[in-house]
Every structure is written in structure tokens, then in C-alpha cells.
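S.K.: Here you go, data.txt (compact mmCIF, C-alpha atoms):
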# COMPACT_ATOMS: atom_id res chain seq x y z
CA MET T 19 -7.06 -12.12 36.60
CA SER T 20 -3.97 -13.58 34.89
CA THR T 21 -0.86 -11.55 34.11
CA VAL T 22 -1.56 -11.88 30.38
CA GLU T 23 -5.07 -10.54 30.88
CA GLN T 24 -3.84 -7.59 32.94
CA ASN T 25 -1.13 -6.79 30.40
CA TYR T 26 -3.50 -7.12 27.48
CA GLN T 27 -6.01 -4.76 29.03
CA ARG T 28 -3.28 -2.20 29.72
CA ILE T 29 -2.09 -2.31 26.12
CA ARG T 30 -5.67 -1.98 24.87
CA GLU T 31 -6.10 1.06 27.11
CA ARG T 32 -2.89 2.62 25.76
CA LEU T 33 -3.96 1.96 22.19
CA ASN T 34 -7.41 3.43 22.74
CA ALA T 35 -5.97 6.50 24.48
CA ALA T 36 -3.44 7.03 21.67
CA CYS T 37 -6.23 6.90 19.12
CA ALA T 38 -8.40 9.30 21.15
CA ASN T 39 -5.53 11.77 21.44
CA THR T 40 -5.21 11.90 17.67
CA SER T 41 -8.97 11.84 16.93
CA ARG T 42 -8.79 8.36 15.43
CA GLU T 43 -11.22 5.51 15.92
CA PRO T 44 -9.79 2.65 18.02
CA ASP T 45 -10.59 0.13 15.31
CA SER T 46 -8.40 2.07 12.85
CA VAL T 47 -5.32 0.50 14.47
CA ARG T 48 -4.89 -3.26 14.64
CA LEU T 49 -3.06 -4.77 17.58
CA LEU T 50 -0.71 -7.55 16.50
CA ALA T 51 0.13 -9.65 19.57
CA VAL T 52 3.70 -10.85 19.04
CA SER T 53 3.57 -14.35 20.50
CA LYS T 54 7.05 -15.50 19.42
CA THR T 55 8.64 -18.00 21.81
CA LYS T 56 5.50 -18.12 23.97
CA PRO T 57 3.45 -21.32 24.44
CA ALA T 58 0.16 -21.98 22.70
CA SER T 59 -1.59 -21.78 26.08
CA MET T 60 -0.71 -18.09 26.37
CA VAL T 61 -1.91 -17.44 22.84
CA ARG T 62 -5.18 -19.17 23.71
CA THR T 63 -5.59 -16.97 26.79
CA CYS T 64 -5.10 -13.87 24.66
CA TYR T 65 -7.49 -15.22 22.04
CA GLU T 66 -10.15 -15.70 24.69
CA LEU T 67 -9.81 -12.01 25.55
CA GLY T 68 -10.77 -11.15 21.97
CA GLN T 69 -7.37 -10.97 20.28
CA ARG T 70 -7.24 -12.53 16.81
CA ALA T 71 -3.99 -11.46 15.10
CA PHE T 72 -0.73 -13.03 16.32
CA GLY T 73 2.83 -12.51 15.10
CA GLU T 74 5.52 -15.19 14.95
CA ASN T 75 9.25 -14.69 14.28
CA TYR T 76 10.45 -18.28 14.41
CA LEU T 77 9.06 -20.64 11.82
CA GLN T 78 8.95 -23.97 13.65
CA ASP T 79 7.73 -22.33 16.84
CA GLY T 80 4.93 -20.70 14.87
CA LEU T 81 3.99 -23.88 13.02
CA ASP T 82 3.73 -25.78 16.30
CA LYS T 83 1.27 -23.20 17.63
CA ILE T 84 -0.74 -23.13 14.42
CA GLU T 85 -1.19 -26.90 14.72
CA ALA T 86 -1.95 -26.78 18.46
CA LEU T 87 -4.62 -24.12 17.94
CA SER T 88 -6.01 -25.35 14.64
CA GLU T 89 -9.57 -25.44 15.95
CA LEU T 90 -9.53 -21.65 16.32
CA THR T 91 -10.58 -21.04 12.74
CA ASP T 92 -10.74 -17.24 12.93
CA ILE T 93 -7.24 -16.76 14.31
CA GLU T 94 -4.89 -14.82 12.01
CA TRP T 95 -1.21 -15.77 11.85
CA HIS T 96 1.41 -13.23 10.74
CA PHE T 97 4.99 -14.25 10.04
CA ILE T 98 7.13 -11.27 11.07
CA GLY T 99 10.66 -12.68 11.09
CA PRO T 100 13.35 -12.87 8.42
CA LEU T 101 12.49 -15.54 5.86
CA GLN T 102 15.07 -17.68 4.09
CA SER T 103 14.27 -18.91 0.60
CA ASN T 104 14.41 -22.56 1.68
CA LYS T 105 11.68 -21.95 4.26
CA THR T 106 9.09 -20.18 2.14
CA ARG T 107 6.78 -23.16 1.61
CA PRO T 108 5.57 -23.51 5.24
CA VAL T 109 4.82 -19.78 5.34
CA ALA T 110 2.97 -19.98 2.03
CA GLU T 111 0.95 -22.96 3.22
CA HIS T 112 0.14 -22.05 6.83
CA PHE T 113 0.29 -18.30 7.45
CA HIS T 114 -2.18 -15.57 6.52
CA TRP T 115 0.36 -12.73 6.37
CA LEU T 116 4.07 -12.19 5.74
CA GLU T 117 5.17 -8.80 7.05
CA THR T 118 8.86 -8.85 6.10
CA LEU T 119 8.94 -9.15 2.32
CA ASP T 120 11.97 -7.43 0.80
CA ARG T 121 13.28 -9.76 -1.92
CA GLU T 122 11.76 -10.65 -5.25
CA LYS T 123 13.09 -14.21 -5.07
CA ILE T 124 11.14 -14.78 -1.85
CA ALA T 125 8.04 -13.24 -3.38
CA ARG T 126 8.15 -15.50 -6.42
CA ARG T 127 8.62 -18.62 -4.32
CA LEU T 128 5.70 -17.68 -2.06
CA ASN T 129 3.53 -17.04 -5.11
CA GLU T 130 4.38 -20.44 -6.57
CA GLN T 131 3.90 -22.27 -3.28
CA ARG T 132 0.68 -20.66 -2.04
CA PRO T 133 -2.02 -23.35 -2.28
CA ASP T 134 -4.81 -22.67 -4.77
CA ASP T 135 -7.49 -23.44 -2.17
CA LEU T 136 -6.28 -20.59 0.06
CA PRO T 137 -6.79 -16.87 -0.57
CA PRO T 138 -3.72 -14.93 -1.71
CA LEU T 139 -1.06 -14.45 0.95
CA ASN T 140 -1.21 -10.96 2.42
CA VAL T 141 2.22 -9.32 2.31
CA LEU T 142 3.79 -6.18 3.69
CA ILE T 143 6.89 -4.71 2.11
CA GLN T 144 9.58 -4.18 4.74
CA VAL T 145 11.30 -0.82 4.33
CA ASN T 146 14.70 0.03 5.79
CA ILE T 147 13.47 3.48 6.79
CA SER T 148 16.54 4.29 8.90
CA ASN T 149 18.92 3.24 6.12
CA GLU T 150 21.01 1.09 8.45
CA GLU T 151 23.35 -1.37 6.76
CA GLN T 152 22.66 -4.22 9.17
CA LYS T 153 18.88 -4.01 8.79
CA SER T 154 16.61 -5.91 6.46
CA GLY T 155 14.21 -4.07 4.21
CA ILE T 156 14.32 -2.32 0.87
CA ALA T 157 15.46 1.23 0.30
CA THR T 158 12.82 3.95 0.30
CA ASP T 159 13.44 4.78 -3.36
CA SER T 160 12.80 1.14 -4.37
CA VAL T 161 9.34 0.75 -2.85
CA ALA T 162 7.34 1.64 -5.95
CA SER T 163 9.31 -0.54 -8.37
CA PHE T 164 9.30 -3.48 -5.96
CA ALA T 165 5.55 -3.16 -5.44
CA GLN T 166 5.00 -2.98 -9.19
CA ASN T 167 6.77 -6.32 -9.59
CA LEU T 168 4.65 -7.87 -6.84
CA LEU T 169 1.45 -6.91 -8.64
CA SER T 170 2.26 -9.51 -11.30
CA LEU T 171 2.09 -12.31 -8.69
CA PRO T 172 -1.57 -13.37 -8.34
CA ARG T 173 -1.13 -15.52 -5.22
CA LEU T 174 0.16 -12.52 -3.24
CA LYS T 175 -1.80 -9.47 -2.14
CA VAL T 176 0.18 -6.31 -1.35
CA ARG T 177 -1.40 -4.96 1.82
CA GLY T 178 1.06 -2.21 2.71
CA LEU T 179 4.37 -1.42 4.40
CA MET T 180 6.25 -2.36 7.58
CA CYS T 181 9.31 -0.91 9.24
CA ILE T 182 11.52 -1.29 12.29
CA PRO T 183 12.83 2.22 12.94
CA GLU T 184 16.17 3.21 14.38
CA ALA T 185 16.75 2.20 17.99
CA THR T 186 16.95 5.68 19.45
CA SER T 187 15.44 7.68 22.28
CA ASP T 188 15.39 10.77 20.04
CA GLU T 189 11.67 11.25 19.49
CA GLU T 190 12.16 13.68 16.62
CA ARG T 191 14.29 11.18 14.70
CA LEU T 192 11.62 8.55 15.22
CA ARG T 193 8.87 10.94 14.21
CA ASP T 194 10.74 11.81 11.03
CA GLN T 195 11.08 8.12 10.12
CA PHE T 196 7.45 7.35 10.91
CA LEU T 197 6.25 10.31 8.83
CA LYS T 198 8.45 9.22 5.91
CA MET T 199 6.83 5.78 6.15
CA HIS T 200 3.40 7.35 6.10
CA ARG T 201 4.24 9.30 2.94
CA LEU T 202 5.57 6.15 1.27
CA TRP T 203 2.39 4.31 2.23
CA GLN T 204 0.21 7.05 0.78
CA GLU T 205 2.15 6.78 -2.48
CA LEU T 206 1.88 2.99 -2.44
CA LYS T 207 -1.90 3.15 -2.08
CA GLU T 208 -2.09 4.90 -5.45
CA LEU T 209 -0.37 1.90 -7.01
CA CYS T 210 -1.83 -0.94 -4.91
CA PRO T 211 -5.54 -0.57 -4.10
CA ASP T 212 -5.39 -3.21 -1.31
CA ALA T 213 -2.57 -1.42 0.56
CA ASP T 214 -4.53 -0.61 3.72
CA THR T 215 -1.84 -1.43 6.31
CA LEU T 216 1.05 0.58 7.73
CA SER T 217 2.74 -1.56 10.38
CA MET T 218 4.95 0.50 12.67
CA GLY T 219 5.18 1.01 16.39
CA MET T 220 5.99 -1.28 19.29
CA SER T 221 5.69 -1.12 23.07
CA SER T 222 8.03 1.85 23.52
CA ASP T 223 6.69 4.05 20.73
CA LEU T 224 3.13 3.00 19.90
CA GLU T 225 1.70 6.43 20.79
CA LEU T 226 4.08 8.22 18.44
CA ALA T 227 3.52 5.66 15.69
CA ILE T 228 -0.25 6.04 15.94
CA ALA T 229 0.06 9.83 15.88
CA CYS T 230 2.05 9.44 12.65
CA GLY T 231 -0.57 7.26 10.99
CA SER T 232 0.23 3.65 11.87
CA THR T 233 -2.60 1.18 11.30
CA GLU T 234 -0.90 -1.73 13.10
CA VAL T 235 1.27 -1.88 16.20
CA ARG T 236 3.30 -4.96 17.12
CA ILE T 237 3.36 -5.71 20.86
CA GLY T 238 5.07 -8.70 22.45
CA THR T 239 6.78 -8.32 25.82
CA ASP T 240 4.20 -5.91 27.22
CA ILE T 241 1.52 -8.56 26.69
CA PHE T 242 3.28 -11.90 27.18
CA GLY T 243 6.31 -10.97 29.28
CA ALA T 244 10.00 -11.32 28.47
CA ARG T 245 10.76 -13.59 25.57
CA ASP T 246 12.01 -17.15 25.94
CA ILE T 247 14.78 -18.64 23.81
CA PRO T 248 13.12 -20.91 21.24
CA GLY T 249 14.26 -24.49 21.01
CA ALA T 250 14.02 -24.47 17.25
CA GLN T 251 13.94 -21.80 14.61
What's the C-alpha cells form of this structure?
M.R.:
Amino acid sequence: MSTVEQNYQRIRERLNAACANTSREPDSVRLLAVSKTKPASMVRTCYELGQRAFGENYLQDGLDKIEALSELTDIEWHFIGPLQSNKTRPVAEHFHWLETLDREKIARRLNEQRPDDLPPLNVLIQVNISNEEQKSGIATDSVASFAQNLLSLPRLKVRGLMCIPEATSDEERLRDQFLKMHRLWQELKELCPDADTLSMGMSSDLELAIACGSTEVRIGTDIFGARDIPGAQ
């Protein structure tokens, strides 16, 4: 059994146990395998274990893997890194999801550049739930107005919210931020009927995130091992 297979099975076991502990069905939480900086061969190994959704932070690295694995027609590619306005077209043309949307300019470019023969691009609104100056994401009190603007863009589909909480070992602070995200998501669902995704939780806090209502956890190192430095971004 390969290291990736062992790691993947352990994460699946953690996810299933976290769901059981909160009386949730295992399929109510999607596992996003964060494959950034890892080779296509490792993604293929994970795919063969049943994984379908993969997250990429670095655009060129992700595009190379999309091309290398193009015969896997049911694979789902999520762009989860910061996106500059001059790099929106490749995301619009090749990815299924963008999880870090926090600027209207980016949204409008993606809408214009999404090919007509593809379904609308699924997007998550990134929220700066910890209100840290150095972090990307919109303010909590701007979620509704930002989402309302996105609804006028037919080539985008608002699927929910994403956050990267404060880097802290204080579980109560994390819980508070996760529960605030859950409340924002519940409010968003009243405005956006397709908003079925709340992406929060990583290797260190997936149990807490699931207990607070997460529907997607993003796991990288605990599946693929320590990250490599990409040659191109």
C-alpha cells in the first residue's frame, strides 16, 4: 500500500468519524484533496482510490495537471489560490470551481471569459472571518451585497462560502469563527438557492469544522505529504 493510499484512508476515517460524532451522513461533507505542488501521478493515485475533487493553488501547476489527466473526464478541479485579474481566463476556461472570489472585477472577468459550451463556473465567496488585515476575503457585513451583485452574472453560479480562519490553537476562537461562517452561509442560502457549500476546515481542525457545519474540508499535506516549491506560479 502506497503512502498516499495509507494517508487517504486515514483522512477518510477521520472524516467519517467526525460526521458520526455529530450525527451527520459521511456524504454530507466533501473532501477536497489539495494537490498543489504535487505531481499528476500522485493525483492519479488518489483518483484511483475514489477521490474526484482536487484543489490547486498555483495556476500553471494546476493547468499542467489538468492537461496531463485530461482523460479523467469526471475529475473536478477547484482553484483555491489568490487570483490576479490578468490570470482569470485560464481559470474560466479550465477549472470547475473558484473558491477564493472576493472582488467584483475578478467576477466580471470570469463571467465574460467562461466559455459558452461549459456550464457556469461554480464560485465560493471568500470571507475574511477573522478580520485580519493581511488576509484575503470580504468583510462579513459585505457578503449579502457582494452575492447580490454576483447573481447578475449568468456564467457564474454562487455555490457558497469559504474561509481560512485565524491561525490559533484556541479552539473556542476557532469555534466562534466557524459558527459565524455557518450563520453567514444560512443567510446566503436565502438569497442564493444554489449555495450548498460551506468550505472550512483543514487537517488540524476538520473535526471542529464539521461539528460547526462545514460541507467541505480542504486537506493537502495529510494526504500527499509536505508541499514542494512549485517551479512556476
S.K.: So that I can see what lies close to T:Trp203, please list as a list in words the residues with an atom at most 8 Å from it, counting only C-alpha atoms and leaving out residues fewer than 5 positions away in the same chain.
M.R.: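 Selected residues are Gly178, Leu179, Ala213 and Leu216 of chain T.
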S.K.: Residues at most 10 Å from T:Leu174, counting all atoms listed in the file, excluding those fewer than 4 positions away in the same chain, as a list in words?
M.R.: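 My reading of the contact set: Ala110, Trp115, Leu116, Ala125, Arg126, Leu128, Asn129, Glu130, Arg132, Pro137, Pro138, Leu139, Asn140, Val141, Leu168, Leu169 and Ser170 of chain T.
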S.K.: Report, in Å to a single decimal, how far apart atom CA of T:Ile228 and atom CA of T:Arg62 are.
M.R.: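 Answer for the atom CA of T:Arg62 to atom CA of T:Ile228 separation: 26.8 Å.
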S.K.: Pick from T:Met199, T:Val109, T:Val176, T:Val161: nearest to T:Ile147, with all atoms listed in the file counted?
M.R.: T:Met199
S.K.: Please list as a count of residues only every residue within 9 Å of T:Asp82, counting only C-alpha atoms and excluding residues in the same chain fewer than 5 positions away.
M.R.: 3
S.K.: Find, counting only C-alpha atoms, the residue in T:Arg127, T:Arg173, T:Arg32, T:His114 that gets nearest to T:Ser221.
M.R.: T:Arg32
S.K.: Can you work out which one of T:Asn146, T:Met218, T:Asp212, T:Ala244 has the shortest atom-to-atom distance to T:Lys56, counting all atoms listed in the file?
M.R.: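 Smallest separation from T:Lys56 among the options: T:Ala244.
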S.K.: Which neighbours of T:Asp214 fall inside 8 Å, counting all atoms listed in the file, when residues of the same chain fewer than 3 positions from it are skipped, and could you give them as a ChimeraX atom specification?
M.R.: /T:177-178,207,211
S.K.: Nearest to T:Asp135: which of T:Asp120, T:Glu66, T:Glu111, T:Glu74 is it, counting all atoms listed in the file?
M.R.: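 Of all the options, T:Glu111 lies closest to T:Asp135.
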S.K.: Go through T:Asp223, T:Pro57, T:Asp45, T:Thr40 and flag the residue nearest T:Gly243, using all atoms listed in the file for the distances.
M.R.: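 Smallest separation from T:Gly243 among the options: T:Pro57.
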S.K.: Which residues, written as a ChimeraX atom specification, have at least one atom at most 7 Å from T:Phe72, with all atoms listed in the file counted and residues fewer than 6 positions away on the same chain left out?
M.R.: /T:50-53,94-96
S.K.: With C-alpha atoms retained, export the selected residues as a short mmCIF file (atom, residue, chain, number, x, y, z; two decimals), in the frame of the given file.
M.R.:
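Output contents, as saved in result-v2.cif:
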data_model
loop_
_atom_site.label_atom_id
_atom_site.label_comp_id
_atom_site.auth_asym_id
_atom_site.auth_seq_id
_atom_site.Cartn_x
_atom_site.Cartn_y
_atom_site.Cartn_z
CA LEU T 50 -0.71 -7.55 16.50
CA ALA T 51 0.13 -9.65 19.57
CA VAL T 52 3.70 -10.85 19.04
CA SER T 53 3.57 -14.35 20.50
CA GLU T 94 -4.89 -14.82 12.01
CA TRP T 95 -1.21 -15.77 11.85
CA HIS T 96 1.41 -13.23 10.74
#
S.K.: Counting only C-alpha atoms, note down every residue that has an atom within 10 Å of the point (16.9, 2.8, 13.5) (file coordinates), as a PyMOL selection string.
M.R.: chain T and resi 146-150+153+181-186+191-192+195
S.K.: What does the structure give for the distance between atom CA of T:Ser88 and atom CA of T:Ile124, in Å to one decimal?
M.R.: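 About the pair atom CA of T:Ser88 and atom CA of T:Ile124: they are 26.0 Å apart.
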S.K.: Report the distance between atom CA of T:Ser217 and atom CA of T:Gly238 in Å, rounded to one decimal place.
M.R.: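 Here the two named atoms are 14.2 Å from each other.
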S.K.: Using all atoms listed in the file, which of the listed residues (T:Leu142, T:Leu197, T:Leu81, T:Ile93) sits closest to T:Gly68?
M.R.: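 Smallest distance to T:Gly68 is found for T:Ile93.
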S.K.: Around (14.5, -13.7, 10.4), as given in the file, which residues come within 10 Å? Count all atoms listed in the file and list them as a short mmCIF file (atom, residue, chain, number, x, y, z; two decimals) with C-alpha atoms, in the coordinates of the input.
M.R.:
data_model
loop_
_atom_site.label_atom_id
_atom_site.label_comp_id
_atom_site.auth_asym_id
_atom_site.auth_seq_id
_atom_site.Cartn_x
_atom_site.Cartn_y
_atom_site.Cartn_z
CA ASN T 75 9.25 -14.69 14.28
CA TYR T 76 10.45 -18.28 14.41
CA LEU T 77 9.06 -20.64 11.82
CA PHE T 97 4.99 -14.25 10.04
CA ILE T 98 7.13 -11.27 11.07
CA GLY T 99 10.66 -12.68 11.09
CA PRO T 100 13.35 -12.87 8.42
CA LEU T 101 12.49 -15.54 5.86
CA GLN T 102 15.07 -17.68 4.09
CA THR T 118 8.86 -8.85 6.10
CA SER T 154 16.61 -5.91 6.46
CA GLN T 251 13.94 -21.80 14.61
#
